[in-house]
>>> print(open('data24.txt').read())   # compact mmCIF, C-alpha atoms
# COMPACT_ATOMS: atom_id res chain seq x y z
CA MET A 1 97.07 145.14 143.23
CA LYS A 2 100.83 145.43 142.95
CA PRO A 3 101.52 142.09 144.75
CA LEU A 4 99.06 140.34 142.41
CA SER A 5 100.81 141.69 139.29
CA ILE A 6 104.19 140.60 140.67
CA LEU A 7 102.82 137.12 141.42
CA LEU A 8 101.32 136.81 137.93
CA SER A 9 104.56 138.02 136.32
CA VAL A 10 106.58 135.44 138.25
CA LEU A 11 104.04 132.76 137.35
CA LEU A 12 104.26 133.75 133.65
CA LEU A 13 108.08 133.53 133.77
CA LEU A 14 107.91 130.08 135.40
CA VAL A 15 105.41 128.75 132.85
CA THR A 16 107.44 130.19 129.96
CA GLY A 17 110.65 128.71 131.36
CA PHE A 18 109.03 125.31 131.88
CA THR A 19 107.60 125.32 128.34
CA GLY A 20 111.01 126.28 126.95
CA TYR A 21 112.64 123.49 128.96
CA LEU A 22 110.14 120.96 127.59
CA TYR A 23 110.75 122.15 124.03
CA VAL A 24 114.55 122.04 124.32
CA THR A 25 114.68 118.62 126.01
CA CYS A 26 112.11 116.90 123.77
CA SER A 27 113.68 114.27 121.58
CA VAL A 28 113.16 110.90 120.00
CA THR A 29 116.30 108.77 120.07
CA VAL A 30 117.00 105.92 117.69
CA LEU A 31 118.46 103.15 119.84
CA GLY A 32 119.30 100.78 117.00
CA ALA A 33 118.26 99.18 113.76
CA ALA A 34 118.50 95.56 112.71
CA ALA A 35 117.47 93.66 109.61
CA THR A 36 116.10 90.17 109.07
CA SER A 37 115.82 88.57 105.66
CA THR A 38 113.25 86.02 104.48
CA GLU A 39 113.27 84.37 101.07
CA ALA A 40 110.26 85.20 98.90
CA GLN A 41 109.50 81.48 98.62
CA ALA A 42 108.83 81.39 102.39
CA GLN A 43 106.19 84.10 101.92
CA SER A 44 104.82 82.94 98.59
CA GLU A 45 101.27 84.21 99.15
CA GLN A 46 102.49 87.75 99.85
CA PHE A 47 104.83 87.65 96.85
CA GLU A 48 102.04 86.43 94.56
CA GLU A 49 99.77 89.22 95.83
CA ILE A 50 102.48 91.83 95.10
CA LEU A 51 103.05 90.32 91.66
CA ALA A 52 99.31 90.51 90.91
CA GLN A 53 99.28 94.17 91.98
CA TYR A 54 102.20 94.90 89.63
CA ARG A 55 100.45 93.12 86.75
CA ALA A 56 97.30 95.17 87.44
CA GLY A 57 99.41 98.36 87.39
CA ALA A 58 98.60 99.29 91.00
CA PRO A 59 101.25 98.07 93.44
CA MET A 60 100.70 99.09 97.08
CA GLY A 61 103.64 100.82 98.77
CA VAL A 62 106.62 102.83 97.62
CA VAL A 63 107.72 101.52 94.20
CA PHE A 64 111.45 101.63 93.42
CA ASP A 65 111.62 99.35 90.38
CA THR A 66 109.45 97.01 88.31
CA LEU A 67 109.29 93.25 88.50
CA PRO A 68 110.31 91.41 85.33
CA GLU A 69 107.80 89.38 83.34
CA GLY A 70 107.30 85.79 84.40
CA ASP A 71 105.27 83.69 86.74
CA ALA A 72 105.65 83.66 90.51
CA GLU A 73 107.51 80.32 90.69
CA ASP A 74 110.23 81.59 88.33
CA LEU A 75 110.61 84.97 90.07
CA MET A 76 110.48 83.91 93.75
CA PRO A 77 114.03 82.49 93.95
CA ARG A 78 115.41 85.86 92.79
CA TYR A 79 113.76 87.96 95.54
CA ARG A 80 113.53 88.23 99.31
CA PHE A 81 111.73 90.28 101.95
CA ILE A 82 113.96 92.31 104.27
CA THR A 83 112.35 93.55 107.49
CA TYR A 84 114.04 96.46 109.25
CA HIS A 85 113.37 96.77 112.97
CA VAL A 86 114.07 100.27 114.35
CA GLN A 87 114.02 100.74 118.13
CA LEU A 88 113.04 104.24 119.30
CA ARG A 89 112.83 106.06 122.63
CA ASN A 90 110.67 109.12 123.23
CA THR A 91 112.11 111.14 126.13
CA CYS A 92 109.56 113.93 125.83
CA PHE A 93 106.46 114.55 127.91
CA ILE A 94 104.33 114.69 124.76
CA PRO A 95 103.71 111.84 122.31
CA ALA A 96 105.51 111.67 118.98
CA THR A 97 102.99 111.41 116.17
CA THR A 98 103.18 110.00 112.64
CA VAL A 99 106.37 108.04 113.23
CA GLU A 100 107.56 106.47 109.97
CA VAL A 101 110.54 104.58 108.58
CA GLU A 102 111.49 105.24 104.96
CA ILE A 103 114.04 103.00 103.27
CA VAL A 104 116.53 104.67 100.91
CA PRO A 105 116.66 102.26 97.94
CA ARG A 106 119.69 100.60 96.43
CA GLN A 107 120.03 98.77 93.14
CA GLY A 108 117.81 95.69 93.15
CA ASP A 109 115.20 97.10 95.54
CA VAL A 110 111.68 96.76 94.17
CA LEU A 111 109.10 97.88 96.73
CA GLN A 112 108.72 99.11 100.30
CA LEU A 113 105.52 97.59 101.61
CA PRO A 114 102.99 100.01 103.09
CA ASP A 115 102.28 100.26 106.81
CA PRO A 116 98.48 100.30 107.08
CA VAL A 117 98.49 101.95 110.54
CA GLN A 118 99.64 105.45 111.40
CA ARG A 119 102.21 104.91 114.14
CA GLY A 120 102.89 107.04 117.18
CA LEU A 121 105.18 106.82 120.18
CA PRO A 122 103.64 107.66 123.55
CA SER A 123 105.42 110.07 125.88
CA SER A 124 108.36 108.69 127.87
CA SER A 125 108.27 105.30 126.17
CA GLU A 126 110.13 102.98 123.82
CA GLY A 127 108.88 101.19 120.76
CA ILE A 128 109.92 99.20 117.70
CA LEU A 129 108.91 100.21 114.19
CA ASP A 130 109.15 97.81 111.24
CA ALA A 131 109.62 98.50 107.54
CA VAL A 132 109.49 95.72 104.93
CA LEU A 133 111.37 95.82 101.64
CA LEU A 134 111.09 93.51 98.62
CA SER A 135 114.58 93.25 97.16
CA SER A 136 116.81 91.13 94.98
CA VAL A 137 118.73 88.32 96.69
CA GLU A 138 122.01 89.57 95.18
CA GLY A 139 122.37 92.68 97.36
CA HIS A 140 123.16 93.07 101.04
CA THR A 141 120.74 94.13 103.77
CA ILE A 142 122.51 97.33 104.87
CA ARG A 143 120.39 100.35 103.94
CA GLU A 144 120.06 103.96 104.95
CA LEU A 145 116.82 104.48 106.86
CA ARG A 146 115.04 107.80 107.35
CA VAL A 147 113.05 107.89 110.56
CA THR A 148 110.60 110.81 110.71
CA TRP A 149 108.25 111.95 113.47
CA TYR A 150 106.34 115.00 114.66
CA LEU A 151 106.55 116.68 118.07
CA TRP A 152 104.19 119.61 118.67
CA GLY A 153 103.41 119.55 114.95
CA ILE A 154 107.07 120.14 114.04
CA PRO A 155 108.67 117.52 111.75
CA PHE A 156 111.96 115.86 112.74
CA GLU A 157 114.12 113.39 110.82
CA LYS A 158 117.02 111.13 111.71
CA ARG A 159 119.06 109.17 109.16
CA ILE A 160 120.65 105.90 110.26
CA LEU A 161 122.27 102.82 108.74
CA SER A 162 120.80 99.42 109.45
CA ASN A 163 123.00 96.56 110.61
>>> encode(input="data24.txt", output="structure tokens")
Amino acid sequence: MKPLSILLSVLLLLVTGFTGYLYVTCSVTVLGAAATSTEAQAQSEQFEEILAQYRAGAPMGVVFDTLPEGDAEDLMPRYRFITYHVQLRNTCFIPATTVEVEIVPRQGDVLQLPDPVQRGLPSSSEGILDAVLLSSVEGHTIRELRVTWYLWGIPFEKRILSN
């Protein structure tokens, strides 16, 4: 009986140590962030849909500011869509769940478009997450981005600047 208890104690220590090692070495790394800008006129259908949602009082996404009154043709030259591409690497043996990119707004930002799919990052993999912002053409594309994810049900956040 004594050898069995010693064996089980050693096994418990090994499992605890391995679990601790997994917990300490689990991380999601942000490899980079880039931005591409598209004039609203190039995506006129999407802009008109957003404008209709504003007029109905129910815009989809994270609202930062209102759109001024006017028709779509008059407003389109004043706005653009900025897409932020964030490259991530999951070095953990468990998947990262509910991975999201939140844009910290600046003056002139109107709306962060919603992502209709809940994103995840499989274990030991890389991926690219996109976030789309409707903004004024006067500003620059550099923004602070908050990347959040969950590992083992514990929330993590990393703040980065886009290029």
>>> residues_around(input="data24.txt", residues="region 128-141 of chain A", least_positions_apart="6", cutoff="10 Å", atoms="all atoms listed in the file", output="number ranges by chain")
A: 30-40, 47, 50, 61-65, 76-89, 99-103, 105-115, 119-121, 147, 162-163
>>> closest_residue(input="data24.txt", among="A:Ala96, A:Leu8, A:Leu13, A:Met60", to="Gly127 (chain A)", atoms="only C-alpha atoms")
A:Ala96
>>> atom_distance(input="data24.txt", atom1="CA of Gly70 (chain A)", atom2="CA of Glu48 (chain A)")
11.5 Å
>>> atom_distance(input="data24.txt", atom1="CA of Gln118 (chain A)", atom2="CA of Thr148 (chain A)")
12.2 Å
>>> closest_residue(input="data24.txt", among="A:Val117, A:Val104, A:Leu22, A:Ala52", to="Trp152 (chain A)", atoms="only C-alpha atoms")
A:Leu22
>>> build_atoms(input="data24.txt", residues="region 68-93 of chain A", atoms="N, CA and C atoms", output="compact mmCIF listing (two decimals), in the frame of the given file")
# COMPACT_ATOMS: atom_id res chain seq x y z
N PRO A 68 110.26 91.90 86.71
CA PRO A 68 110.31 91.41 85.33
C PRO A 68 109.12 90.50 85.03
N GLU A 69 108.89 90.28 83.76
CA GLU A 69 107.80 89.38 83.34
C GLU A 69 108.15 87.96 83.75
N GLY A 70 107.12 87.19 84.02
CA GLY A 70 107.30 85.79 84.40
C GLY A 70 106.30 85.41 85.46
N ASP A 71 106.20 84.12 85.71
CA ASP A 71 105.27 83.69 86.74
C ASP A 71 105.96 83.67 88.11
N ALA A 72 105.15 83.53 89.13
CA ALA A 72 105.65 83.66 90.51
C ALA A 72 106.71 82.61 90.83
N GLU A 73 106.54 81.37 90.37
CA GLU A 73 107.51 80.32 90.69
C GLU A 73 108.89 80.63 90.12
N ASP A 74 108.94 81.25 88.94
CA ASP A 74 110.23 81.59 88.33
C ASP A 74 110.88 82.80 89.01
N LEU A 75 110.06 83.75 89.49
CA LEU A 75 110.61 84.97 90.07
C LEU A 75 110.97 84.84 91.55
N MET A 76 110.27 84.00 92.29
CA MET A 76 110.48 83.91 93.75
C MET A 76 111.93 83.63 94.16
N PRO A 77 112.65 82.74 93.50
CA PRO A 77 114.03 82.49 93.95
C PRO A 77 114.96 83.70 93.80
N ARG A 78 114.56 84.70 93.03
CA ARG A 78 115.41 85.86 92.79
C ARG A 78 115.15 87.01 93.77
N TYR A 79 114.14 86.86 94.66
CA TYR A 79 113.76 87.96 95.54
C TYR A 79 113.63 87.50 96.99
N ARG A 80 113.69 88.49 97.88
CA ARG A 80 113.53 88.23 99.31
C ARG A 80 112.85 89.44 99.96
N PHE A 81 112.30 89.21 101.14
CA PHE A 81 111.73 90.28 101.95
C PHE A 81 112.72 90.59 103.07
N ILE A 82 113.07 91.87 103.19
CA ILE A 82 113.96 92.31 104.27
C ILE A 82 113.12 93.17 105.21
N THR A 83 113.08 92.79 106.48
CA THR A 83 112.35 93.55 107.49
C THR A 83 113.34 94.30 108.35
N TYR A 84 113.18 95.61 108.42
CA TYR A 84 114.04 96.46 109.25
C TYR A 84 113.30 96.79 110.53
N HIS A 85 113.94 96.50 111.66
CA HIS A 85 113.37 96.77 112.97
C HIS A 85 114.13 97.95 113.57
N VAL A 86 113.44 99.05 113.81
CA VAL A 86 114.07 100.27 114.35
C VAL A 86 113.52 100.50 115.76
N GLN A 87 114.43 100.52 116.74
CA GLN A 87 114.02 100.74 118.13
C GLN A 87 114.17 102.22 118.46
N LEU A 88 113.09 102.80 119.01
CA LEU A 88 113.04 104.24 119.30
C LEU A 88 112.72 104.47 120.76
N ARG A 89 113.17 105.62 121.28
CA ARG A 89 112.83 106.06 122.63
C ARG A 89 112.37 107.51 122.57
N ASN A 90 111.20 107.77 123.13
CA ASN A 90 110.67 109.12 123.23
C ASN A 90 110.92 109.62 124.65
N THR A 91 111.78 110.62 124.80
CA THR A 91 112.11 111.14 126.13
C THR A 91 111.31 112.39 126.47
N CYS A 92 110.35 112.71 125.65
CA CYS A 92 109.56 113.93 125.83
C CYS A 92 108.30 113.63 126.64
N PHE A 93 107.70 114.68 127.16
CA PHE A 93 106.46 114.55 127.91
C PHE A 93 105.22 114.57 127.01
